[in-house]
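Engineer: Sending over coords-v6.cif (mmCIF, C-alpha atoms).
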```
data_model
loop_
_atom_site.label_atom_id
_atom_site.label_comp_id
_atom_site.auth_asym_id
_atom_site.auth_seq_id
_atom_site.Cartn_x
_atom_site.Cartn_y
_atom_site.Cartn_z
CA MET A 2 98.45 158.05 -64.53
CA SER A 3 98.81 161.80 -65.05
CA GLU A 4 96.59 164.42 -63.42
CA GLY A 5 95.12 165.27 -66.81
CA ASP A 6 93.83 161.72 -67.21
CA THR A 7 91.98 161.78 -63.87
CA ILE A 8 88.50 163.27 -63.74
CA LEU A 9 87.71 162.15 -60.17
CA GLN A 10 90.06 161.64 -57.26
CA VAL A 11 88.82 160.37 -53.89
CA ARG A 12 91.08 160.28 -50.85
CA GLY A 13 90.32 159.13 -47.30
CA LEU A 14 86.54 159.17 -47.82
CA THR A 15 84.81 158.24 -44.57
CA LYS A 16 81.21 157.91 -43.44
CA HIS A 17 80.13 156.50 -40.07
CA PHE A 18 76.42 156.25 -39.31
CA VAL A 19 75.27 156.53 -35.70
CA ALA A 20 73.34 153.50 -34.42
CA ARG A 21 70.82 154.23 -31.67
CA GLY A 22 68.79 152.01 -29.38
CA GLY A 23 66.68 151.92 -26.25
CA LEU A 24 63.76 154.08 -25.22
CA LEU A 25 65.85 157.24 -25.20
CA GLY A 26 67.49 156.55 -28.53
CA ARG A 27 70.99 156.73 -27.14
CA GLU A 28 73.99 156.08 -29.32
CA THR A 29 74.95 152.40 -29.16
CA GLY A 30 77.71 152.44 -31.74
CA ARG A 31 78.80 153.63 -35.14
CA VAL A 32 78.46 151.79 -38.44
CA ARG A 33 81.64 152.28 -40.46
CA ALA A 34 79.97 152.18 -43.86
CA VAL A 35 82.92 153.77 -45.69
CA ASP A 36 86.20 153.82 -43.83
CA GLY A 37 89.03 155.76 -45.47
CA LEU A 38 88.41 154.95 -49.13
CA ASP A 39 90.69 155.96 -52.03
CA LEU A 40 89.58 155.93 -55.69
CA ASP A 41 90.61 157.38 -59.05
CA VAL A 42 88.42 157.57 -62.15
CA ARG A 43 89.99 158.26 -65.51
CA ARG A 44 88.44 160.52 -68.10
CA GLY A 45 86.26 158.65 -70.59
CA GLU A 46 86.64 155.31 -68.80
CA THR A 47 84.53 153.08 -66.56
CA LEU A 48 85.55 152.13 -63.04
CA GLY A 49 83.75 149.03 -61.80
CA LEU A 50 83.16 148.93 -58.02
CA VAL A 51 82.46 145.42 -56.74
CA GLY A 52 82.13 143.61 -53.41
CA GLU A 53 79.68 141.73 -51.22
CA SER A 54 76.35 143.26 -50.22
CA GLY A 55 76.80 145.71 -47.36
CA CYS A 56 80.43 146.56 -48.14
CA GLY A 57 79.59 150.25 -48.74
CA LYS A 58 79.46 150.46 -52.56
CA SER A 59 76.18 152.37 -52.84
CA THR A 60 77.08 154.65 -49.92
CA THR A 61 80.33 155.49 -51.73
CA GLY A 62 78.42 156.57 -54.85
CA ARG A 63 76.13 158.81 -52.84
CA LEU A 64 79.04 160.32 -50.91
CA ILE A 65 80.85 161.23 -54.13
CA LEU A 66 77.82 163.25 -55.30
CA ARG A 67 77.19 164.55 -51.75
CA LEU A 68 73.74 163.03 -51.67
CA ILE A 69 75.12 162.01 -48.27
CA GLU A 70 77.58 164.29 -46.50
CA PRO A 71 80.95 162.61 -45.77
CA ASP A 72 82.54 162.76 -42.33
CA GLU A 73 86.10 163.02 -43.62
CA GLY A 74 88.12 162.90 -46.80
CA SER A 75 88.29 164.75 -50.08
CA VAL A 76 86.54 164.32 -53.42
CA ARG A 77 88.11 166.27 -56.27
CA PHE A 78 86.27 166.51 -59.59
CA GLU A 79 88.42 168.02 -62.34
CA GLY A 80 90.62 169.45 -59.60
CA ARG A 81 87.78 171.05 -57.63
CA ASP A 82 87.22 169.89 -54.06
CA ILE A 83 83.56 168.90 -53.83
CA VAL A 84 83.51 168.29 -50.08
CA ALA A 85 84.89 171.75 -49.26
CA GLY A 86 82.45 173.53 -51.62
CA SER A 87 79.10 175.04 -50.72
CA GLN A 88 75.72 173.57 -51.66
CA ALA A 89 75.47 176.26 -54.38
CA ASP A 90 78.80 175.09 -55.81
CA MET A 91 77.61 171.49 -55.67
CA ARG A 92 74.40 172.36 -57.50
CA LEU A 93 76.44 173.76 -60.40
CA LEU A 94 78.67 170.68 -60.43
CA ARG A 95 75.68 168.37 -60.70
CA ARG A 96 75.30 169.38 -64.31
CA ASP A 97 78.54 167.46 -64.85
CA MET A 98 77.90 164.64 -62.35
CA GLN A 99 74.75 162.54 -62.56
CA PHE A 100 73.34 159.39 -60.92
CA VAL A 101 71.44 156.39 -62.32
CA PHE A 102 69.56 154.57 -59.57
CA GLN A 103 69.12 150.84 -59.09
CA ASP A 104 65.32 150.60 -59.24
CA PRO A 105 64.13 152.25 -62.46
CA TYR A 106 60.52 152.38 -61.24
CA ALA A 107 61.01 153.72 -57.71
CA SER A 108 63.36 156.44 -58.97
CA LEU A 109 60.85 157.81 -61.52
CA ASN A 110 58.02 160.03 -60.31
CA PRO A 111 54.80 158.17 -61.25
CA ARG A 112 52.89 161.48 -61.38
CA LEU A 113 55.08 162.91 -64.13
CA SER A 114 55.13 161.95 -67.78
CA VAL A 115 58.39 160.73 -69.31
CA GLY A 116 58.89 164.08 -70.99
CA GLU A 117 58.44 165.91 -67.68
CA ILE A 118 60.83 163.52 -65.92
CA VAL A 119 63.61 164.13 -68.44
CA GLU A 120 62.85 167.86 -68.58
CA GLU A 121 63.08 168.34 -64.80
CA PRO A 122 66.91 168.60 -64.65
CA LEU A 123 66.85 171.14 -67.48
CA ILE A 124 64.34 173.29 -65.59
CA VAL A 125 66.29 173.04 -62.32
CA HIS A 126 69.47 174.22 -64.04
CA GLY A 127 67.73 176.82 -66.22
CA VAL A 128 68.68 175.26 -69.53
CA GLY A 129 66.94 176.54 -72.68
CA SER A 130 63.47 177.75 -73.56
CA PRO A 131 60.47 175.37 -73.46
CA GLY A 132 60.86 174.71 -77.18
CA GLU A 133 64.60 174.10 -76.92
CA ARG A 134 64.08 171.79 -73.95
CA ARG A 135 61.47 169.78 -75.83
CA GLU A 136 63.83 169.32 -78.77
CA ARG A 137 66.65 168.28 -76.44
CA ILE A 138 64.39 165.80 -74.64
CA ALA A 139 63.33 164.24 -77.94
CA THR A 140 66.96 163.90 -79.06
CA THR A 141 68.00 162.31 -75.76
CA LEU A 142 65.07 159.88 -75.67
CA ARG A 143 65.79 158.85 -79.23
CA ARG A 144 69.43 158.28 -78.29
CA VAL A 145 68.53 155.84 -75.50
CA GLY A 146 66.03 153.95 -77.67
CA ILE A 147 62.72 155.54 -76.60
CA ARG A 148 60.54 157.01 -79.34
CA PRO A 149 59.99 160.75 -78.70
CA GLU A 150 56.26 160.43 -79.43
CA LEU A 151 55.99 158.39 -76.21
CA MET A 152 57.16 161.24 -73.98
CA GLY A 153 53.57 161.96 -72.93
CA ARG A 154 53.21 158.52 -71.33
CA TYR A 155 53.86 157.65 -67.69
CA PRO A 156 56.47 155.29 -66.16
CA HIS A 157 53.99 152.49 -65.43
CA GLU A 158 53.31 152.20 -69.15
CA PHE A 159 56.87 151.06 -69.85
CA SER A 160 58.79 147.84 -69.21
CA GLY A 161 61.63 147.64 -66.71
CA GLY A 162 64.27 147.94 -69.40
CA GLN A 163 62.53 150.95 -70.93
CA ARG A 164 62.25 152.60 -67.52
CA GLN A 165 65.98 152.16 -66.97
CA ARG A 166 66.60 153.77 -70.36
CA ILE A 167 64.43 156.69 -69.22
CA GLY A 168 66.55 156.94 -66.07
CA ILE A 169 69.67 157.02 -68.24
CA ALA A 170 68.07 159.71 -70.43
CA ARG A 171 67.38 161.84 -67.36
CA ALA A 172 71.06 161.56 -66.38
CA LEU A 173 72.27 162.17 -69.94
CA VAL A 174 70.13 165.18 -70.89
CA LEU A 175 72.39 167.71 -69.11
CA GLY A 176 75.48 166.45 -70.94
CA PRO A 177 77.39 165.22 -67.86
CA LYS A 178 81.05 164.25 -67.72
CA LEU A 179 80.58 161.58 -65.03
CA ILE A 180 77.69 159.19 -64.38
CA ILE A 181 77.51 157.00 -61.28
CA ALA A 182 75.34 153.95 -62.05
CA ASP A 183 74.25 152.10 -58.90
CA GLU A 184 73.36 148.49 -59.79
CA PRO A 185 71.72 149.60 -63.07
CA LEU A 186 71.17 146.01 -64.26
CA SER A 187 70.07 144.15 -61.12
CA ALA A 188 66.35 144.97 -61.47
CA LEU A 189 66.25 143.91 -65.12
CA ASP A 190 65.59 140.58 -66.81
CA VAL A 191 68.72 138.85 -68.06
CA SER A 192 67.49 139.24 -71.65
CA VAL A 193 67.38 143.04 -71.19
CA GLN A 194 70.65 143.50 -69.35
CA ALA A 195 72.84 143.10 -72.43
CA SER A 196 70.99 145.82 -74.36
CA VAL A 197 71.32 148.28 -71.45
CA MET A 198 75.04 147.46 -71.09
CA ASN A 199 75.55 148.07 -74.80
CA LEU A 200 73.67 151.36 -74.56
CA MET A 201 75.92 152.60 -71.74
CA GLN A 202 79.03 151.65 -73.69
CA GLU A 203 77.75 153.40 -76.83
CA ILE A 204 76.99 156.54 -74.82
CA GLN A 205 80.49 156.47 -73.36
CA GLU A 206 82.13 156.13 -76.76
CA GLU A 207 79.96 158.85 -78.31
CA PHE A 208 80.13 161.47 -75.56
CA GLY A 209 83.34 160.55 -73.70
CA ILE A 210 81.51 160.16 -70.39
CA SER A 211 83.22 158.57 -67.41
CA PHE A 212 81.25 155.96 -65.46
CA ILE A 213 81.43 154.48 -61.98
CA LEU A 214 79.60 151.16 -62.30
CA ILE A 215 78.50 149.84 -58.91
CA ALA A 216 77.51 146.21 -59.31
CA HIS A 217 77.62 142.72 -57.87
CA ASP A 218 77.38 141.13 -61.33
CA LEU A 219 81.04 140.31 -61.90
CA ALA A 220 80.51 139.33 -65.54
CA ALA A 221 78.91 142.69 -66.34
CA VAL A 222 81.70 144.56 -64.58
CA GLU A 223 84.33 142.64 -66.54
CA HIS A 224 82.53 143.41 -69.82
CA MET A 225 82.04 147.14 -69.20
CA SER A 226 84.94 148.31 -67.04
CA HIS A 227 88.41 149.59 -67.83
CA GLN A 228 89.47 149.53 -64.17
CA VAL A 229 87.97 147.49 -61.32
CA ALA A 230 88.09 148.33 -57.61
CA VAL A 231 87.27 145.60 -55.09
CA MET A 232 85.69 146.77 -51.84
CA TYR A 233 85.51 144.98 -48.51
CA LEU A 234 84.00 146.35 -45.30
CA GLY A 235 84.19 149.99 -46.35
CA ARG A 236 87.69 149.94 -47.84
CA ILE A 237 89.31 149.24 -51.21
CA VAL A 238 91.45 146.10 -51.11
CA GLU A 239 92.52 145.91 -54.76
CA VAL A 240 92.42 148.11 -57.89
CA ALA A 241 93.67 147.00 -61.29
CA PRO A 242 92.90 147.14 -65.02
CA ALA A 243 89.89 144.88 -65.57
CA GLU A 244 91.66 142.40 -67.84
CA GLU A 245 94.56 141.97 -65.41
CA LEU A 246 92.40 141.71 -62.31
CA TYR A 247 90.18 139.00 -63.77
CA ALA A 248 93.15 137.11 -65.21
CA ALA A 249 95.33 137.23 -62.08
CA PRO A 250 93.71 138.63 -58.92
CA LYS A 251 96.24 139.36 -56.18
CA HIS A 252 94.30 139.95 -52.95
CA PRO A 253 92.98 136.72 -51.37
CA TYR A 254 89.50 138.24 -51.12
CA THR A 255 89.53 139.15 -54.83
CA GLN A 256 90.64 135.64 -55.72
CA ILE A 257 87.84 134.01 -53.77
CA LEU A 258 85.26 136.56 -54.97
CA LEU A 259 86.06 135.89 -58.63
CA GLN A 260 86.31 132.13 -58.19
CA SER A 261 82.89 132.07 -56.53
CA VAL A 262 81.13 132.71 -59.86
CA PRO A 263 79.43 129.40 -60.75
CA PRO A 264 80.65 127.72 -63.96
CA LEU A 265 78.39 127.79 -66.99
CA ASP A 266 78.31 123.99 -66.93
CA PRO A 267 76.48 123.00 -63.72
CA HIS A 268 78.07 119.54 -63.83
CA LEU A 269 81.60 120.90 -63.42
CA PRO A 270 82.99 120.46 -59.89
CA ARG A 271 83.08 123.54 -57.69
CA SER A 272 86.73 123.67 -56.72
CA TRP A 273 87.04 127.24 -55.49
CA PRO A 274 87.99 127.89 -51.84
CA ARG A 275 85.24 129.05 -49.54
CA ILE A 276 85.48 132.17 -47.42
CA GLU A 277 85.59 131.28 -43.74
CA GLY A 278 82.98 132.70 -41.38
CA GLU A 279 80.58 135.61 -41.83
CA VAL A 280 81.17 139.21 -42.85
CA PRO A 281 82.17 141.08 -39.66
CA SER A 282 79.86 143.78 -38.38
CA PRO A 283 80.79 147.25 -39.66
CA MET A 284 80.06 148.44 -36.11
CA ARG A 285 82.87 146.24 -34.78
CA PRO A 286 85.38 145.73 -37.61
CA PRO A 287 88.37 143.48 -36.90
CA SER A 288 91.71 144.94 -35.93
CA GLY A 289 94.43 145.01 -38.55
CA CYS A 290 93.34 143.85 -41.99
CA PRO A 291 89.52 143.72 -42.00
CA PHE A 292 89.59 140.48 -44.03
CA HIS A 293 92.05 138.57 -41.84
CA PRO A 294 89.46 136.56 -39.81
CA ARG A 295 88.23 134.97 -43.06
CA CYS A 296 91.47 134.90 -45.06
CA PRO A 297 93.01 131.51 -45.93
CA ALA A 298 96.47 133.14 -46.27
CA ARG A 299 96.46 135.20 -43.07
CA MET A 300 99.67 135.79 -41.13
CA ALA A 301 100.33 137.05 -37.60
CA VAL A 302 100.84 140.63 -38.78
CA CYS A 303 97.40 140.69 -40.42
CA SER A 304 95.54 140.84 -37.10
CA VAL A 305 97.70 143.70 -35.81
CA GLU A 306 98.50 146.05 -38.67
CA ARG A 307 96.14 147.37 -41.35
CA PRO A 308 97.86 147.10 -44.76
CA PRO A 309 97.98 150.26 -46.89
CA LEU A 310 96.70 150.32 -50.45
CA GLN A 311 100.13 150.20 -52.06
CA ALA A 312 101.10 150.46 -55.71
CA LEU A 313 102.48 147.39 -57.46
CA PRO A 314 104.04 147.16 -60.94
CA GLY A 315 101.59 147.47 -63.84
CA GLY A 316 99.26 150.04 -62.31
CA ARG A 317 97.78 147.67 -59.75
CA ARG A 318 97.21 148.62 -56.09
CA VAL A 319 96.67 146.03 -53.36
CA ALA A 320 96.05 146.31 -49.62
CA CYS A 321 97.63 143.08 -48.41
CA HIS A 322 100.64 142.12 -46.27
CA LEU A 323 101.44 139.30 -48.68
CA TYR A 324 102.99 141.80 -51.10
CA ASP A 325 105.80 144.26 -50.75
CA ALA A 326 106.25 147.37 -52.86
CA GLU A 327 107.87 145.35 -55.68
CA GLY A 328 104.89 143.01 -55.94
CA SER A 329 106.62 139.92 -54.52
CA THR A 330 104.77 137.61 -52.19
CA GLU A 331 105.68 136.02 -48.91
CA ALA A 332 103.10 133.24 -48.97
CA GLY A 333 103.03 132.00 -52.54
CA VAL A 334 99.77 133.68 -53.55
CA ASN A 335 99.65 134.12 -57.34
#
```
Go through the file and emit its structure as structure tokens.
Structural biologist:
Amino acid sequence: MSEGDTILQVRGLTKHFVARGGLLGRETGRVRAVDGLDLDVRRGETLGLVGESGCGKSTTGRLILRLIEPDEGSVRFEGRDIVAGSQADMRLLRRDMQFVFQDPYASLNPRLSVGEIVEEPLIVHGVGSPGERRERIATTLRRVGIRPELMGRYPHEFSGGQRQRIGIARALVLGPKLIIADEPLSALDVSVQASVMNLMQEIQEEFGISFILIAHDLAAVEHMSHQVAVMYLGRIVEVAPAEELYAAPKHPYTQILLQSVPPLDPHLPRSWPRIEGEVPSPMRPPSGCPFHPRCPARMAVCSVERPPLQALPGGRRVACHLYDAEGSTEAGVN
């Protein structure tokens, strides 16, 4: 992948939250929410970010936009280092980088009309006159499937799917180059999810926007993503083109994660392997590979040495001792 194809490059991104306890609120430990994460997002494509609840997916999205300040690492957007920039620099960049939140009702101000909600980013960034802004709002609402004559209504007057479309309109109105969508489908009825997925894909094709899709719905990620990154306990364990990853996952965690999706026919036997044990605490992550206490293919080295995220043939990267740099395996994992 050439530099020109990459719109976002994340290296060594780290965020540890301080845990406090007792009457004096003393530090009792640190939660390693994101622990040295590497990501690349290509221009005009969607990167799906998947993993179990609590693995750090949503924190990663907020760190990339500096809604939370990272402890370490770099985030480069079109070659510009976001982490090293000032808040004024970041404010300018937010015209090009927008966020769609999980809960479409909680993220919309109930005191503002839909028109005011979508207009707010334009006012903050000083875009256009009142008349120009109103025309731009109407065009954007129409594009996401909301009739412009409804812009005087309030969020509670819309369904969940419509509210999510309003959230997408708010992100889209500035003409961004990158949108981070944090579980945009999880609060919606199944019957509405497909229409919102199609809308996001249409927007991408029309405007060339890059997406980071944070989700636990593996079917939606497969449908929408060009690349998929699998996250476990604050780190990326596998990255591959979506079609290849779903067809032949390499990391044992990825294999079990994908095989855990129930079959459409409930009468079919559930033959997938189960993950041993519970997710380790991010305050006390295991030594070596963070997945090794639960891994059915673990080896002695796994408990001692943390595997790097190494490149394999075909554009895939895997953090696992089972594979060497040529992509061969020592334990027969396919």
Engineer: Spell out the residues picked by the PyMOL selection byres ((chain A and resi 56) around 7) here, as a PyMOL selection string.
Structural biologist: chain A and resi 52-55+57-58+232-235
Engineer: Generate the output file for the selected residues, C-alpha atoms, as a CSV table (one decimal), in the coordinates of the input.
Structural biologist:
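And here's out_5.csv as it stands now:
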```
chain,number,residue,atom,x,y,z
A,52,GLY,CA,82.1,143.6,-53.4
A,53,GLU,CA,79.7,141.7,-51.2
A,54,SER,CA,76.4,143.3,-50.2
A,55,GLY,CA,76.8,145.7,-47.4
A,57,GLY,CA,79.6,150.2,-48.7
A,58,LYS,CA,79.5,150.5,-52.6
A,232,MET,CA,85.7,146.8,-51.8
A,233,TYR,CA,85.5,145.0,-48.5
A,234,LEU,CA,84.0,146.4,-45.3
A,235,GLY,CA,84.2,150.0,-46.4
```
Engineer: Can you pull out every residue within 6 Å of segment 197-213 of chain A, counting all atoms listed in the file, but drop anything in the same chain fewer than 2 positions away, and send it as a PyMOL selection string?
Structural biologist: chain A and resi 44-49+178-181+194-195
Engineer: Could you tell me how far atom CA of His217 of chain A sits from atom CA of Gly278 of chain A, in Å to one decimal place?
Structural biologist: 20.0 Å
Engineer: So which residues get picked by the PyMOL selection byres ((chain A and resi 229) around 12) here, written as a PDB file with C-alpha atoms, in the frame of the given file?
Structural biologist:
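What ended up in out_4.pdb:
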```
ATOM      1  CA  LEU A  40      89.580 155.930 -55.690  1.00  0.00           C
ATOM      2  CA  ASP A  41      90.610 157.380 -59.050  1.00  0.00           C
ATOM      3  CA  VAL A  42      88.420 157.570 -62.150  1.00  0.00           C
ATOM      4  CA  ARG A  43      89.990 158.260 -65.510  1.00  0.00           C
ATOM      5  CA  GLU A  46      86.640 155.310 -68.800  1.00  0.00           C
ATOM      6  CA  THR A  47      84.530 153.080 -66.560  1.00  0.00           C
ATOM      7  CA  LEU A  48      85.550 152.130 -63.040  1.00  0.00           C
ATOM      8  CA  GLY A  49      83.750 149.030 -61.800  1.00  0.00           C
ATOM      9  CA  LEU A  50      83.160 148.930 -58.020  1.00  0.00           C
ATOM     10  CA  VAL A  51      82.460 145.420 -56.740  1.00  0.00           C
ATOM     11  CA  GLY A  52      82.130 143.610 -53.410  1.00  0.00           C
ATOM     12  CA  PHE A 212      81.250 155.960 -65.460  1.00  0.00           C
ATOM     13  CA  ILE A 213      81.430 154.480 -61.980  1.00  0.00           C
ATOM     14  CA  LEU A 214      79.600 151.160 -62.300  1.00  0.00           C
ATOM     15  CA  ILE A 215      78.500 149.840 -58.910  1.00  0.00           C
ATOM     16  CA  ALA A 216      77.510 146.210 -59.310  1.00  0.00           C
ATOM     17  CA  HIS A 217      77.620 142.720 -57.870  1.00  0.00           C
ATOM     18  CA  LEU A 219      81.040 140.310 -61.900  1.00  0.00           C
ATOM     19  CA  ALA A 220      80.510 139.330 -65.540  1.00  0.00           C
ATOM     20  CA  ALA A 221      78.910 142.690 -66.340  1.00  0.00           C
ATOM     21  CA  VAL A 222      81.700 144.560 -64.580  1.00  0.00           C
ATOM     22  CA  GLU A 223      84.330 142.640 -66.540  1.00  0.00           C
ATOM     23  CA  HIS A 224      82.530 143.410 -69.820  1.00  0.00           C
ATOM     24  CA  MET A 225      82.040 147.140 -69.200  1.00  0.00           C
ATOM     25  CA  SER A 226      84.940 148.310 -67.040  1.00  0.00           C
ATOM     26  CA  HIS A 227      88.410 149.590 -67.830  1.00  0.00           C
ATOM     27  CA  GLN A 228      89.470 149.530 -64.170  1.00  0.00           C
ATOM     28  CA  ALA A 230      88.090 148.330 -57.610  1.00  0.00           C
ATOM     29  CA  VAL A 231      87.270 145.600 -55.090  1.00  0.00           C
ATOM     30  CA  MET A 232      85.690 146.770 -51.840  1.00  0.00           C
ATOM     31  CA  ILE A 237      89.310 149.240 -51.210  1.00  0.00           C
ATOM     32  CA  VAL A 238      91.450 146.100 -51.110  1.00  0.00           C
ATOM     33  CA  GLU A 239      92.520 145.910 -54.760  1.00  0.00           C
ATOM     34  CA  VAL A 240      92.420 148.110 -57.890  1.00  0.00           C
ATOM     35  CA  ALA A 241      93.670 147.000 -61.290  1.00  0.00           C
ATOM     36  CA  PRO A 242      92.900 147.140 -65.020  1.00  0.00           C
ATOM     37  CA  ALA A 243      89.890 144.880 -65.570  1.00  0.00           C
ATOM     38  CA  GLU A 244      91.660 142.400 -67.840  1.00  0.00           C
ATOM     39  CA  GLU A 245      94.560 141.970 -65.410  1.00  0.00           C
ATOM     40  CA  LEU A 246      92.400 141.710 -62.310  1.00  0.00           C
ATOM     41  CA  TYR A 247      90.180 139.000 -63.770  1.00  0.00           C
ATOM     42  CA  PRO A 250      93.710 138.630 -58.920  1.00  0.00           C
ATOM     43  CA  THR A 255      89.530 139.150 -54.830  1.00  0.00           C
ATOM     44  CA  GLY A 316      99.260 150.040 -62.310  1.00  0.00           C
ATOM     45  CA  ARG A 317      97.780 147.670 -59.750  1.00  0.00           C
ATOM     46  CA  ARG A 318      97.210 148.620 -56.090  1.00  0.00           C
ATOM     47  CA  VAL A 319      96.670 146.030 -53.360  1.00  0.00           C
TER      48      VAL A 319
END
```
Engineer: Determine, counting all atoms listed in the file, which protein, DNA and RNA residues have an atom within 10 Å of an atom of Arg285 of chain A; residues of the same chain fewer than 3 positions away are not included. Present the result as a list in words.
Structural biologist: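 The filter keeps Gly30, Arg31, Val32, Arg33, Pro281, Ser282 and Ser288 of chain A.
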Engineer: Work out how far apart atom CA of Ala188 of chain A and atom CA of Tyr155 of chain A are and give it in Å to one decimal.
Structural biologist: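 One can read the atom CA of Ala188 of chain A to atom CA of Tyr155 of chain A distance as 18.9 Å.
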Engineer: Could you tell me how far atom CA of Met98 of chain A lies from atom CA of Leu310 of chain A, in Å and to one decimal?
Structural biologist: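 Result for atom CA of Met98 of chain A versus atom CA of Leu310 of chain A: 26.5 Å, one decimal.
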Engineer: Distance cut-off 7 Å, centre (90.1, 165.3, -67.2) in file coordinates, counting only C-alpha atoms: which residues qualify? Return them as a VMD selection string.
Structural biologist: chain A and resid 5 to 8 44 79
Engineer: Keeping only C-alpha atoms, write the selected residues as a PDB file, in the frame of the given file.
Structural biologist:
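Okay, this is what ended up in out.pdb:
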```pdb
ATOM      1  CA  GLY A   5      95.120 165.270 -66.810  1.00  0.00           C
ATOM      2  CA  ASP A   6      93.830 161.720 -67.210  1.00  0.00           C
ATOM      3  CA  THR A   7      91.980 161.780 -63.870  1.00  0.00           C
ATOM      4  CA  ILE A   8      88.500 163.270 -63.740  1.00  0.00           C
ATOM      5  CA  ARG A  44      88.440 160.520 -68.100  1.00  0.00           C
ATOM      6  CA  GLU A  79      88.420 168.020 -62.340  1.00  0.00           C
TER       7      GLU A  79
END
```
Engineer: Pick from A:Gly315, A:Gly37, A:Pro309, A:Pro297: nearest to Ile257 of chain A, with all atoms listed in the file counted?
Structural biologist: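 Checking each candidate against Ile257 of chain A, we get A:Pro297 as the closest.
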Engineer: The PyMOL selection byres ((chain A and resi 156) around 10) - which residues does that actually catch in the file I just gave you? List them as a PDB file with C-alpha atoms, in the coordinates of the input.
Structural biologist:
```pdb
ATOM      1  CA  PRO A 105      64.130 152.250 -62.460  1.00  0.00           C
ATOM      2  CA  TYR A 106      60.520 152.380 -61.240  1.00  0.00           C
ATOM      3  CA  ALA A 107      61.010 153.720 -57.710  1.00  0.00           C
ATOM      4  CA  LEU A 109      60.850 157.810 -61.520  1.00  0.00           C
ATOM      5  CA  ASN A 110      58.020 160.030 -60.310  1.00  0.00           C
ATOM      6  CA  PRO A 111      54.800 158.170 -61.250  1.00  0.00           C
ATOM      7  CA  ARG A 112      52.890 161.480 -61.380  1.00  0.00           C
ATOM      8  CA  LEU A 113      55.080 162.910 -64.130  1.00  0.00           C
ATOM      9  CA  SER A 114      55.130 161.950 -67.780  1.00  0.00           C
ATOM     10  CA  VAL A 115      58.390 160.730 -69.310  1.00  0.00           C
ATOM     11  CA  ILE A 118      60.830 163.520 -65.920  1.00  0.00           C
ATOM     12  CA  MET A 152      57.160 161.240 -73.980  1.00  0.00           C
ATOM     13  CA  GLY A 153      53.570 161.960 -72.930  1.00  0.00           C
ATOM     14  CA  ARG A 154      53.210 158.520 -71.330  1.00  0.00           C
ATOM     15  CA  TYR A 155      53.860 157.650 -67.690  1.00  0.00           C
ATOM     16  CA  HIS A 157      53.990 152.490 -65.430  1.00  0.00           C
ATOM     17  CA  GLU A 158      53.310 152.200 -69.150  1.00  0.00           C
ATOM     18  CA  PHE A 159      56.870 151.060 -69.850  1.00  0.00           C
ATOM     19  CA  SER A 160      58.790 147.840 -69.210  1.00  0.00           C
ATOM     20  CA  GLY A 161      61.630 147.640 -66.710  1.00  0.00           C
ATOM     21  CA  GLN A 163      62.530 150.950 -70.930  1.00  0.00           C
ATOM     22  CA  ARG A 164      62.250 152.600 -67.520  1.00  0.00           C
ATOM     23  CA  ILE A 167      64.430 156.690 -69.220  1.00  0.00           C
TER      24      ILE A 167
END
```
Engineer: Near segment 70-75 of chain A, counting only C-alpha atoms, which residues have an atom at most 10 Å away, once you skip same-chain residues fewer than 3 positions from it, shown as an MDAnalysis selection string?
Structural biologist: chainID A and resid 10:18 35:39 60:61 63:67 78 81:85
Engineer: Report as a VMD selection string all protein, DNA and RNA residues lying within 8 Å of Glu120 of chain A, evaluated on all atoms listed in the file, omitting residues in the same chain fewer than 3 positions from it.
Structural biologist: chain A and resid 116 to 117 123 to 124 134 to 135 138 171
Engineer: Output, as JSON, the centre and edge lengths in Å (one decimal) of the axis-aligned box that contains all listed atoms of segment 146-163 of chain A with 3 Å of margin on each side.
Structural biologist:
```
{"center_x": 59.6, "center_y": 154.8, "center_z": -72.4, "size_x": 18.8, "size_y": 20.3, "size_z": 20.0}
```
Engineer: Residues near Cys303 of chain A, anyone? I mean within 6 Å using only C-alpha atoms, not counting same-chain ones fewer than 4 positions away, as a count of residues only.
Structural biologist: 3
Engineer: For Ala139 of chain A, which of A:Val119, A:Val125, A:Leu24, A:Met91 is the closest residue, counting only C-alpha atoms?
Structural biologist: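 Smallest separation from Ala139 of chain A among the options: A:Val119.
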Engineer: Pick from A:Arg166, A:His126, A:Arg137, A:Arg236: nearest to Gln103 of chain A, with all atoms listed in the file counted?
Structural biologist: A:Arg166
Engineer: Hey, which of A:Ser304, A:Ser130, A:Gln311, A:Gln165 ends up closest to Leu142 of chain A? Count all atoms listed in the file.
Structural biologist: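 Of A:Ser304, A:Ser130, A:Gln311, A:Gln165, the one nearest Leu142 of chain A is A:Gln165, counting all atoms listed in the file.
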Engineer: Calculated over all atoms listed in the file, which of the candidates A:Gly23, A:Val193, A:Val174, A:His322 has the smallest distance to Ala301 of chain A?
Structural biologist: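 Nearest to Ala301 of chain A: A:His322.
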Engineer: Nearest residue to Ser108 of chain A out of A:Glu184, A:Ala248, A:Met284, A:Gly168, using all atoms listed in the file?
Structural biologist: A:Gly168
